[in-house]
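Data block for upload.txt (compact mmCIF, C-alpha atoms):
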# COMPACT_ATOMS: atom_id res chain seq x y z
CA MET A 135 -10.63 -20.27 13.59
CA ASN A 136 -8.75 -22.30 16.17
CA PHE A 137 -10.34 -21.14 19.39
CA ALA A 138 -9.14 -22.84 22.55
CA ASP A 139 -11.56 -25.20 24.20
CA MET A 140 -11.39 -23.46 27.56
CA HIS A 141 -12.37 -19.90 28.31
CA SER A 142 -10.26 -17.55 30.35
CA THR A 143 -11.02 -17.24 34.04
CA ASP A 144 -10.01 -13.58 34.02
CA THR A 145 -12.61 -11.97 36.30
CA SER A 146 -11.72 -8.45 35.13
CA PHE A 147 -14.04 -9.02 32.14
CA SER A 148 -17.82 -9.13 32.38
CA PRO A 149 -19.92 -11.79 30.60
CA SER A 150 -20.54 -9.27 27.80
CA VAL A 151 -16.93 -9.77 26.61
CA GLN A 152 -16.07 -13.39 25.80
CA VAL A 153 -12.41 -14.19 26.48
CA ASP A 154 -10.65 -17.18 24.90
CA ARG A 155 -7.10 -18.36 25.12
CA TRP A 156 -5.89 -18.53 21.50
CA GLY A 157 -2.38 -19.89 21.88
CA THR A 158 1.11 -19.20 23.20
CA LEU A 159 4.03 -17.51 21.49
CA PRO A 160 7.68 -17.64 22.58
CA GLY A 161 8.69 -14.41 24.26
CA LEU A 162 5.11 -13.13 24.40
CA GLY A 163 3.24 -15.78 26.37
CA ASP A 164 -0.49 -16.42 26.18
CA ILE A 165 -2.39 -14.78 23.33
CA ARG A 166 -6.10 -14.15 23.84
CA LEU A 167 -9.19 -13.44 21.79
CA PHE A 168 -11.94 -11.07 22.94
CA THR A 169 -15.38 -11.25 21.34
CA LEU A 170 -17.91 -8.40 21.36
CA ARG A 171 -21.51 -9.15 20.38
CA ASN A 172 -24.62 -7.14 19.64
CA ALA A 173 -28.32 -7.99 19.84
CA HIS A 174 -28.62 -8.93 16.15
CA GLY A 175 -26.20 -11.84 15.77
CA MET A 176 -23.16 -9.74 14.94
CA ARG A 177 -19.83 -10.40 16.63
CA ALA A 178 -16.36 -8.89 16.36
CA THR A 179 -13.30 -10.73 17.66
CA ILE A 180 -10.11 -8.90 18.61
CA SER A 181 -6.75 -10.25 19.74
CA ASP A 182 -4.28 -8.68 22.14
CA LEU A 183 -1.59 -9.63 19.60
CA GLY A 184 -1.28 -6.45 17.55
CA ALA A 185 -4.63 -5.16 18.88
CA THR A 186 -5.87 -7.03 15.82
CA LEU A 187 -9.42 -7.18 14.50
CA VAL A 188 -9.38 -10.91 13.73
CA SER A 189 -12.93 -11.46 12.50
CA TRP A 190 -16.28 -9.73 12.10
CA HIS A 191 -19.29 -11.97 11.61
CA ALA A 192 -22.40 -10.26 10.28
CA PRO A 193 -25.67 -11.38 8.62
CA ASP A 194 -26.46 -10.92 4.94
CA ARG A 195 -29.92 -9.95 3.63
CA ALA A 196 -31.12 -13.54 4.17
CA GLY A 197 -29.89 -13.56 7.75
CA ARG A 198 -26.92 -15.85 7.05
CA VAL A 199 -23.98 -14.91 9.27
CA ALA A 200 -20.47 -14.96 7.81
CA ASP A 201 -17.06 -13.40 8.38
CA VAL A 202 -16.43 -10.31 6.24
CA LEU A 203 -12.70 -10.13 6.99
CA LEU A 204 -9.67 -11.95 5.65
CA GLY A 205 -7.26 -13.35 8.20
CA HIS A 206 -5.14 -16.18 9.53
CA ASP A 207 -5.89 -19.12 11.83
CA THR A 208 -3.27 -18.88 14.59
CA PRO A 209 -1.22 -16.29 16.49
CA ALA A 210 1.94 -17.76 14.96
CA ASP A 211 0.48 -17.11 11.49
CA TYR A 212 -0.14 -13.47 12.38
CA LEU A 213 3.32 -13.03 13.88
CA ALA A 214 4.95 -14.40 10.71
CA SER A 215 2.64 -12.58 8.30
CA ARG A 216 3.61 -9.63 6.11
CA TRP A 217 0.01 -8.71 5.33
CA TYR A 218 -1.19 -6.87 8.47
CA PHE A 219 -4.61 -8.58 8.43
CA GLY A 220 -6.77 -6.50 10.79
CA SER A 221 -3.76 -5.17 12.70
CA THR A 222 -3.45 -1.90 14.53
CA VAL A 223 -0.66 -0.21 12.61
CA GLY A 224 1.81 2.15 14.29
CA ARG A 225 3.68 4.19 15.09
CA TRP A 226 3.22 5.25 11.51
CA ALA A 227 0.59 3.92 9.11
CA ASN A 228 1.70 3.60 5.49
CA ARG A 229 5.12 4.79 4.27
CA ILE A 230 7.82 7.25 5.21
CA ALA A 231 10.14 7.94 2.28
CA GLN A 232 13.72 6.77 2.71
CA ALA A 233 12.71 5.81 6.27
CA ARG A 234 13.90 9.25 7.32
CA PHE A 235 12.54 12.54 8.59
CA THR A 236 13.81 15.70 10.28
CA LEU A 237 12.05 17.05 13.37
CA ASP A 238 13.12 20.16 15.29
CA GLY A 239 16.45 20.14 13.43
CA VAL A 240 17.28 16.50 14.18
CA THR A 241 17.24 13.85 11.44
CA TYR A 242 16.01 10.38 12.42
CA GLN A 243 16.78 7.18 10.54
CA LEU A 244 14.04 4.57 10.84
CA ASP A 245 13.65 0.88 10.15
CA ARG A 246 13.76 0.17 6.41
CA ASN A 247 11.29 -2.65 5.78
CA ASP A 248 9.88 -1.72 2.36
CA GLY A 249 12.89 -1.23 0.11
CA ASP A 250 14.41 2.04 1.28
CA ASN A 251 11.21 3.10 3.03
CA LEU A 252 9.50 2.49 6.35
CA LEU A 253 6.12 0.76 6.02
CA HIS A 254 3.47 0.45 8.76
CA GLY A 255 5.76 1.16 11.70
CA GLY A 256 8.64 -1.08 10.66
CA ALA A 257 9.25 -4.81 10.80
CA SER A 258 8.48 -4.92 14.53
CA GLY A 259 5.73 -2.32 14.66
CA PHE A 260 2.62 -2.22 16.84
CA HIS A 261 1.17 -5.18 14.89
CA LYS A 262 3.81 -7.50 16.43
CA ALA A 263 3.35 -6.35 20.05
CA LEU A 264 1.31 -7.97 22.81
CA TRP A 265 -1.11 -5.32 24.04
CA HIS A 266 -2.62 -5.12 27.53
CA ALA A 267 -6.39 -5.64 27.41
CA ARG A 268 -9.10 -4.49 29.77
CA GLU A 269 -12.85 -3.88 29.65
CA VAL A 270 -14.26 -0.38 30.12
CA ASP A 271 -18.05 -0.01 30.13
CA GLY A 272 -18.56 -2.99 27.83
CA ALA A 273 -15.86 -1.91 25.37
CA LEU A 274 -12.45 -3.50 24.89
CA VAL A 275 -9.48 -1.20 25.50
CA LEU A 276 -5.97 -2.33 24.56
CA SER A 277 -2.84 -0.40 25.48
CA HIS A 278 0.82 -0.56 24.49
CA GLU A 279 4.05 1.11 25.65
CA SER A 280 6.40 1.90 22.76
CA PRO A 281 9.87 2.77 24.08
CA GLU A 282 12.19 5.57 22.98
CA GLY A 283 13.96 4.53 19.78
CA ASP A 284 11.32 1.97 18.76
CA ALA A 285 11.98 1.41 15.01
CA GLY A 286 14.13 4.57 15.24
CA PHE A 287 11.35 6.92 16.37
CA PRO A 288 12.00 9.48 19.11
CA GLY A 289 10.03 9.58 22.35
CA ALA A 290 8.38 6.95 24.50
CA VAL A 291 4.76 6.60 23.39
CA THR A 292 1.78 5.25 25.33
CA ALA A 293 -0.96 4.18 22.91
CA SER A 294 -4.43 2.74 23.36
CA VAL A 295 -7.15 1.44 21.08
CA ARG A 296 -10.80 1.12 22.13
CA TYR A 297 -13.15 -1.25 20.29
CA ALA A 298 -16.92 -1.03 20.85
CA LEU A 299 -19.76 -2.76 18.97
CA ASP A 300 -23.30 -1.38 19.19
CA ASP A 301 -26.70 -2.76 18.27
CA ASP A 302 -26.82 -0.62 15.11
CA GLY A 303 -23.90 -2.60 13.67
CA ALA A 304 -21.30 0.10 14.28
CA LEU A 305 -17.81 -1.00 15.29
CA SER A 306 -16.08 2.05 16.73
CA ILE A 307 -12.29 2.21 16.92
CA ASP A 308 -10.89 5.04 19.04
CA TYR A 309 -7.14 5.68 19.07
CA ASP A 310 -5.33 7.63 21.80
CA ALA A 311 -1.64 8.31 22.39
CA THR A 312 0.78 10.48 24.36
CA SER A 313 4.54 10.92 24.10
CA ASP A 314 7.31 12.24 26.33
CA ALA A 315 9.13 13.77 23.34
CA PRO A 316 8.08 15.13 19.94
CA THR A 317 7.38 12.27 17.52
CA PRO A 318 5.31 11.66 14.39
CA ILE A 319 2.31 9.39 14.82
CA SER A 320 -0.50 8.05 12.67
CA LEU A 321 -2.44 4.95 13.69
CA THR A 322 -4.91 2.93 11.64
CA ASN A 323 -6.56 -0.46 11.34
CA HIS A 324 -5.58 -2.66 8.40
CA ALA A 325 -8.74 -4.79 8.07
CA TYR A 326 -9.25 -6.51 4.70
CA PHE A 327 -12.95 -6.49 3.79
CA ASN A 328 -14.84 -8.81 1.47
CA LEU A 329 -18.54 -8.29 2.16
CA SER A 330 -19.49 -11.55 0.44
CA GLY A 331 -18.26 -13.23 3.62
CA ASP A 332 -17.38 -16.91 3.70
CA ALA A 333 -18.46 -17.25 0.06
CA LEU A 334 -14.91 -16.42 -0.99
CA ALA A 335 -14.76 -19.71 -2.89
CA THR A 336 -17.52 -18.52 -5.23
CA ALA A 337 -16.84 -14.79 -5.04
CA PRO A 338 -13.04 -14.62 -4.79
CA GLU A 339 -12.71 -10.93 -5.60
CA ILE A 340 -14.19 -7.58 -4.60
CA ARG A 341 -14.61 -6.53 -8.24
CA GLY A 342 -18.41 -6.64 -7.89
CA HIS A 343 -18.43 -4.42 -4.81
CA VAL A 344 -19.66 -0.85 -5.35
CA ILE A 345 -17.75 1.91 -3.57
CA SER A 346 -18.22 5.63 -3.05
CA ILE A 347 -15.52 7.86 -1.51
CA ASP A 348 -16.25 11.40 -0.36
CA ALA A 349 -13.06 13.03 -1.63
CA ASP A 350 -12.24 15.57 -4.32
CA ALA A 351 -8.52 14.78 -4.43
CA PHE A 352 -6.01 11.96 -4.02
CA PHE A 353 -2.24 11.55 -3.98
CA ALA A 354 -0.53 10.19 -7.06
CA VAL A 355 2.46 7.98 -6.22
CA ASP A 356 5.83 7.00 -7.65
CA ALA A 357 7.07 3.45 -8.23
CA ALA A 358 7.93 3.12 -4.52
CA MET A 359 4.34 4.11 -3.59
CA ILE A 360 5.44 7.47 -2.15
CA PRO A 361 3.09 10.41 -2.85
CA ILE A 362 4.44 12.75 -5.52
CA GLU A 363 1.56 15.18 -5.99
CA ARG A 364 -2.00 15.92 -5.02
CA ARG A 365 -4.45 15.60 -7.93
CA ASP A 366 -8.14 16.27 -8.43
CA VAL A 367 -10.23 13.15 -8.91
CA ALA A 368 -12.54 14.84 -11.43
CA GLY A 369 -12.52 13.11 -14.81
CA SER A 370 -10.24 10.31 -13.63
CA VAL A 371 -10.49 6.65 -12.62
CA PHE A 372 -10.11 7.87 -9.03
CA ASP A 373 -13.44 9.70 -8.95
CA PHE A 374 -15.72 7.68 -6.67
CA ARG A 375 -17.85 10.60 -5.49
CA THR A 376 -20.70 8.72 -7.16
CA GLY A 377 -20.68 5.03 -6.37
CA ALA A 378 -19.10 2.75 -8.99
CA PRO A 379 -18.27 -0.97 -9.29
CA ILE A 380 -14.64 -1.59 -8.40
CA GLY A 381 -13.97 -4.16 -11.12
CA ALA A 382 -14.77 -1.84 -13.99
CA ARG A 383 -12.41 0.77 -12.57
CA LEU A 384 -9.60 -1.74 -12.07
CA ASP A 385 -9.73 -2.42 -15.81
CA TRP A 386 -9.13 1.21 -16.81
CA PRO A 387 -5.84 1.85 -18.70
CA ASP A 388 -4.41 4.26 -16.12
CA ALA A 389 -0.70 4.73 -15.37
CA GLN A 390 -1.30 5.06 -11.64
CA LEU A 391 -3.25 1.80 -11.51
CA ALA A 392 -0.53 0.07 -13.50
CA CYS A 393 2.10 1.40 -11.11
CA ALA A 394 0.30 0.05 -8.02
CA GLY A 395 -1.31 -3.05 -9.52
CA GLY A 396 -4.69 -1.55 -8.68
CA PHE A 397 -5.76 1.08 -6.19
CA ASP A 398 -3.28 1.78 -3.38
CA HIS A 399 -3.74 5.51 -3.00
CA CYS A 400 -4.58 7.98 -0.27
CA TYR A 401 -7.70 10.09 -0.68
CA VAL A 402 -7.95 13.59 0.77
CA LEU A 403 -11.26 13.48 2.58
CA ARG A 404 -13.65 16.41 2.57
CA ASP A 405 -14.60 18.66 5.48
CA GLY A 406 -11.38 18.92 7.45
CA ALA A 407 -10.10 16.69 10.22
CA THR A 408 -12.08 17.53 13.34
CA ALA A 409 -15.57 16.16 12.69
CA LEU A 410 -16.68 12.57 12.38
CA ARG A 411 -18.20 12.28 8.89
CA THR A 412 -18.85 9.65 6.26
CA ALA A 413 -15.73 8.95 4.23
CA ALA A 414 -16.80 5.94 2.17
CA THR A 415 -19.59 3.47 1.54
CA LEU A 416 -19.02 -0.06 0.26
CA TYR A 417 -21.85 -2.28 -1.00
CA ASP A 418 -21.94 -5.92 -2.10
CA PRO A 419 -25.02 -6.47 -4.29
CA ALA A 420 -24.82 -10.26 -3.91
CA SER A 421 -25.04 -10.39 -0.10
CA GLY A 422 -26.77 -7.06 0.50
CA ARG A 423 -24.13 -6.11 3.08
CA GLU A 424 -23.19 -2.45 3.17
CA LEU A 425 -20.23 -0.97 5.02
CA THR A 426 -20.15 2.71 5.94
CA VAL A 427 -16.85 4.23 7.04
CA SER A 428 -16.91 7.38 9.17
CA THR A 429 -13.81 9.11 10.50
CA ASP A 430 -12.32 12.36 11.76
CA ALA A 431 -9.04 11.73 9.91
CA LYS A 432 -7.86 13.76 6.94
CA GLY A 433 -6.89 10.83 4.76
CA MET A 434 -8.03 7.36 3.77
CA GLN A 435 -5.93 4.80 1.92
CA PHE A 436 -7.98 2.76 -0.55
CA TYR A 437 -6.14 -0.51 -1.23
CA THR A 438 -7.58 -3.27 -3.42
CA GLY A 439 -5.50 -6.22 -2.19
CA ASN A 440 -3.11 -6.01 -5.13
CA PHE A 441 -0.52 -8.34 -3.59
CA LEU A 442 -2.76 -11.03 -2.08
CA ALA A 443 -2.29 -13.60 -4.84
CA GLY A 444 -1.06 -16.87 -3.34
CA VAL A 445 -1.35 -15.76 0.31
CA THR A 446 -2.58 -18.54 2.59
CA GLY A 447 -5.34 -17.30 4.85
CA ARG A 448 -8.04 -18.60 7.12
CA SER A 449 -8.94 -22.30 6.95
CA GLY A 450 -6.14 -22.94 4.47
CA LYS A 451 -7.72 -20.79 1.76
CA THR A 452 -5.40 -19.37 -0.85
CA TYR A 453 -6.39 -15.79 -1.53
CA GLY A 454 -6.25 -14.23 -4.96
CA LYS A 455 -5.39 -10.77 -6.19
CA HIS A 456 -8.20 -8.36 -5.23
CA ALA A 457 -9.68 -10.87 -2.77
CA ALA A 458 -10.42 -8.01 -0.38
CA LEU A 459 -9.90 -4.31 0.11
CA CYS A 460 -8.71 -1.98 2.87
CA LEU A 461 -10.03 1.43 3.87
CA GLU A 462 -7.31 2.76 6.18
CA THR A 463 -8.00 6.12 7.79
CA GLY A 464 -5.27 8.36 9.16
CA ALA A 465 -2.65 10.90 8.11
CA PHE A 466 -1.33 11.14 4.58
CA PRO A 467 1.51 8.76 3.63
CA ASN A 468 4.90 10.44 4.15
CA GLN A 469 3.17 13.49 5.65
CA ILE A 470 6.03 13.95 8.12
CA ASN A 471 8.11 14.94 5.09
CA MET A 472 5.45 17.24 3.64
CA PRO A 473 4.79 20.95 4.31
CA ALA A 474 1.98 19.95 6.71
CA SER A 475 4.36 17.86 8.82
CA GLU A 476 3.61 19.66 12.08
CA ASP A 477 0.02 18.37 11.89
CA VAL A 478 1.28 14.82 12.53
CA VAL A 479 3.76 15.59 15.31
CA LEU A 480 2.70 14.54 18.81
CA ARG A 481 4.38 16.74 21.42
CA PRO A 482 4.61 16.30 25.19
CA GLY A 483 1.47 17.50 26.95
CA ALA A 484 -0.69 16.94 23.86
CA ARG A 485 -2.82 13.93 22.92
CA TYR A 486 -3.19 12.10 19.66
CA ARG A 487 -6.82 11.15 19.07
CA HIS A 488 -8.44 9.57 16.04
CA THR A 489 -11.77 7.81 15.62
CA THR A 490 -13.05 5.56 12.86
CA VAL A 491 -16.45 3.87 12.82
CA TYR A 492 -17.16 0.93 10.51
CA ARG A 493 -20.88 0.25 10.32
CA LEU A 494 -22.33 -2.89 8.72
CA ALA A 495 -25.95 -3.07 7.60
CA VAL A 496 -27.99 -4.85 4.91
CA ARG A 497 -30.17 -3.56 2.13
Starting from the file, lay out its structure as structure tokens.
Amino acid sequence: MNFADMHSTDTSFSPSVQVDRWGTLPGLGDIRLFTLRNAHGMRATISDLGATLVSWHAPDRAGRVADVLLGHDTPADYLASRWYFGSTVGRWANRIAQARFTLDGVTYQLDRNDGDNLLHGGASGFHKALWHAREVDGALVLSHESPEGDAGFPGAVTASVRYALDDDGALSIDYDATSDAPTPISLTNHAYFNLSGDALATAPEIRGHVISIDADAFFAVDAAMIPIERRDVAGSVFDFRTGAPIGARLDWPDAQLACAGGFDHCYVLRDGATALRTAATLYDPASGRELTVSTDAKGMQFYTGNFLAGVTGRSGKTYGKHAALCLETGAFPNQINMPASEDVVLRPGARYRHTTVYRLAVR
């Protein structure tokens, strides 16, 4: 990673948050990196460009520290990228069909950036914005003002994301937003995980990772990746209630996998949407690293990096198909056009809140 040689002199941050100038972008100015550390050699680095989780270095079972995330080298790479590596995605994570919805009798036309659909907030979504960063009690809080009409959405939205890393290896991401008019909202983080770390040259895929997902149902999709129906996982390739190696499942002759090029489906998590609970566990037998995902969201998109082939990433590496996976928590794709649409509408006087905790350990 191309860190600047000189550290920021911003006195609003304590020594517990390392601040580095990363580069400069036309129209945005200086881009910075903020590094959080814990007592066990773990560090997470976040940029104010897109409130992006740039890297997460963690030890394996032998104590060797490596980055478990895919990414790019420079701010310019992130600004030009179509892959959302580690970005905070908004105003809407995943897709809205036909880039259109009707709210309170008014139909809104949004930015079409995925065929006829809106994907991840549009071409100039939250991942392209420069967020304001500050430290609060040792955590990094980034905030962003999204104006009325941003990507076609109604209402002016104030959003914030709080990152905190504790000594148990838990990286907490807390999302908060308000709006001055009714608007749909669903925020997530788009980190790409490969728990083998920097050994991507010898372990280029996540096929050997073992995953469990605490969900009894998922959404089947059409060719445009829009949900078409809710299905039970029982008896299908999508049943990860008991942990299973990802590679074996990717090889199943399933029409939904063929449609998406792998897994790119939203799971309906158990136990409602108000309590923080374990949604998924990911384990890499080679490194011993284990990732536990906890959230209070209703849904989680499981994406196996189906379109990463040929993408140039960190240190000039060319990633391959299935080089990493994403576990994106939030609302259901296209939920604003589903019967439960009111659940994802943020109205004036209310607050949008969503928490996801990614915890890394070894075994």
message: Can you pull out the residues contacting A:Gly303? Cut-off 10 Å, using only C-alpha atoms, and skip same-chain residues under 2 positions away; I want them as a ChimeraX atom specification.
response: /A:171-177,192,299-301,305-306,425,491-496
task: List the neighbours of A:Phe436 out to 7 Å using all atoms listed in the file; skip same-chain residues closer than 5 positions along the sequence, and give me the result as number ranges by chain.
output: A: 397-400, 460-462
List as a PDB file with C-alpha atoms, keeping the file's coordinate frame: which residues have an atom within 12 Å of (-17.8, 2.8, -3.0), counting all atoms listed in the file?
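Resulting contents of point.pdb:
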ATOM      1  CA  ILE A 340     -14.190  -7.580  -4.600  1.00  0.00           C
ATOM      2  CA  ARG A 341     -14.610  -6.530  -8.240  1.00  0.00           C
ATOM      3  CA  GLY A 342     -18.410  -6.640  -7.890  1.00  0.00           C
ATOM      4  CA  HIS A 343     -18.430  -4.420  -4.810  1.00  0.00           C
ATOM      5  CA  VAL A 344     -19.660  -0.850  -5.350  1.00  0.00           C
ATOM      6  CA  ILE A 345     -17.750   1.910  -3.570  1.00  0.00           C
ATOM      7  CA  SER A 346     -18.220   5.630  -3.050  1.00  0.00           C
ATOM      8  CA  ILE A 347     -15.520   7.860  -1.510  1.00  0.00           C
ATOM      9  CA  ASP A 348     -16.250  11.400  -0.360  1.00  0.00           C
ATOM     10  CA  ALA A 349     -13.060  13.030  -1.630  1.00  0.00           C
ATOM     11  CA  PHE A 372     -10.110   7.870  -9.030  1.00  0.00           C
ATOM     12  CA  ASP A 373     -13.440   9.700  -8.950  1.00  0.00           C
ATOM     13  CA  PHE A 374     -15.720   7.680  -6.670  1.00  0.00           C
ATOM     14  CA  ARG A 375     -17.850  10.600  -5.490  1.00  0.00           C
ATOM     15  CA  THR A 376     -20.700   8.720  -7.160  1.00  0.00           C
ATOM     16  CA  GLY A 377     -20.680   5.030  -6.370  1.00  0.00           C
ATOM     17  CA  ALA A 378     -19.100   2.750  -8.990  1.00  0.00           C
ATOM     18  CA  PRO A 379     -18.270  -0.970  -9.290  1.00  0.00           C
ATOM     19  CA  ILE A 380     -14.640  -1.590  -8.400  1.00  0.00           C
ATOM     20  CA  GLY A 381     -13.970  -4.160 -11.120  1.00  0.00           C
ATOM     21  CA  ARG A 383     -12.410   0.770 -12.570  1.00  0.00           C
ATOM     22  CA  THR A 412     -18.850   9.650   6.260  1.00  0.00           C
ATOM     23  CA  ALA A 413     -15.730   8.950   4.230  1.00  0.00           C
ATOM     24  CA  ALA A 414     -16.800   5.940   2.170  1.00  0.00           C
ATOM     25  CA  THR A 415     -19.590   3.470   1.540  1.00  0.00           C
ATOM     26  CA  LEU A 416     -19.020  -0.060   0.260  1.00  0.00           C
ATOM     27  CA  TYR A 417     -21.850  -2.280  -1.000  1.00  0.00           C
ATOM     28  CA  ASP A 418     -21.940  -5.920  -2.100  1.00  0.00           C
ATOM     29  CA  PRO A 419     -25.020  -6.470  -4.290  1.00  0.00           C
ATOM     30  CA  GLU A 424     -23.190  -2.450   3.170  1.00  0.00           C
ATOM     31  CA  LEU A 425     -20.230  -0.970   5.020  1.00  0.00           C
ATOM     32  CA  THR A 426     -20.150   2.710   5.940  1.00  0.00           C
ATOM     33  CA  VAL A 427     -16.850   4.230   7.040  1.00  0.00           C
ATOM     34  CA  PHE A 436      -7.980   2.760  -0.550  1.00  0.00           C
ATOM     35  CA  THR A 438      -7.580  -3.270  -3.420  1.00  0.00           C
ATOM     36  CA  LEU A 459      -9.900  -4.310   0.110  1.00  0.00           C
ATOM     37  CA  CYS A 460      -8.710  -1.980   2.870  1.00  0.00           C
ATOM     38  CA  LEU A 461     -10.030   1.430   3.870  1.00  0.00           C
TER      39      LEU A 461
END
- request: List the neighbours of stretch 198-214 of chain A out to 7 Å using only C-alpha atoms; skip same-chain residues closer than 5 positions along the sequence, and give me the result as number ranges by chain.
  value: A: 135-136, 157, 159, 188-193, 219, 262, 325-332, 447-449
Could you give me, as a tab-separated table, every stretch 310-411 of chain A residue with an atom at most 10 Å from stretch 252-259 of chain A, plus its closest atom pair and distance in Å to one decimal, counting all atoms listed in the file, rows ordered by chain then number?
residue	atom	partner	partner_atom	distance
A:Ile319	CA	A:Gly255	CA	9.5
A:Ser320	CA	A:Gly255	CA	9.4
A:Leu321	CA	A:His254	CA	8.9
A:Thr322	CA	A:His254	CA	9.2
A:His324	CA	A:His254	CA	9.6
C-alpha atoms of the current selection, written as a short mmCIF file (atom, residue, chain, number, x, y, z; two decimals), in the frame of the given file:
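Resulting contents of out_14.cif:
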data_model
loop_
_atom_site.label_atom_id
_atom_site.label_comp_id
_atom_site.auth_asym_id
_atom_site.auth_seq_id
_atom_site.Cartn_x
_atom_site.Cartn_y
_atom_site.Cartn_z
CA ILE A 319 2.31 9.39 14.82
CA SER A 320 -0.50 8.05 12.67
CA LEU A 321 -2.44 4.95 13.69
CA THR A 322 -4.91 2.93 11.64
CA HIS A 324 -5.58 -2.66 8.40
#
Contacts of A:Phe260 within 7 Å, all atoms listed in the file, excl. fewer than 4 positions in-chain, as a PyMOL selection string: chain A and resi 184+222-225+255
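With atom CA of A:Val295 on one side and atom CA of A:Gly439 on the other, the separation reads 24.6 Å.
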- prompt: Counting all atoms listed in the file, which of A:Thr317, A:Gly444, A:Asn323, A:Ala304 gets nearest to A:Ser428?
  reply: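 The shortest atom-to-atom distance to A:Ser428 comes from A:Ala304.
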- prompt: What is the atom CA of A:Thr236 to atom CA of A:Pro467 distance in Å?
  reply: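 Result for atom CA of A:Thr236 versus atom CA of A:Pro467: 15.6 Å, one decimal.
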- line: The residue from A:Ala293, A:Ala354, A:Val478, A:Val402 with the smallest atom-to-atom distance to A:His266, counting all atoms listed in the file, is A:Ala293
- prompt: In Å, with one decimal, what is the gap from atom CA of A:Ala311 to atom CA of A:Val291?
  reply: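 Separating atom CA of A:Ala311 from atom CA of A:Val291 is a distance of 6.7 Å.
Each of A:Ser221, A:Thr292, A:Ser215, A:Thr158 was checked against A:Leu480 using all atoms listed in the file; the smallest atom-to-atom distance is that of A:Thr292.
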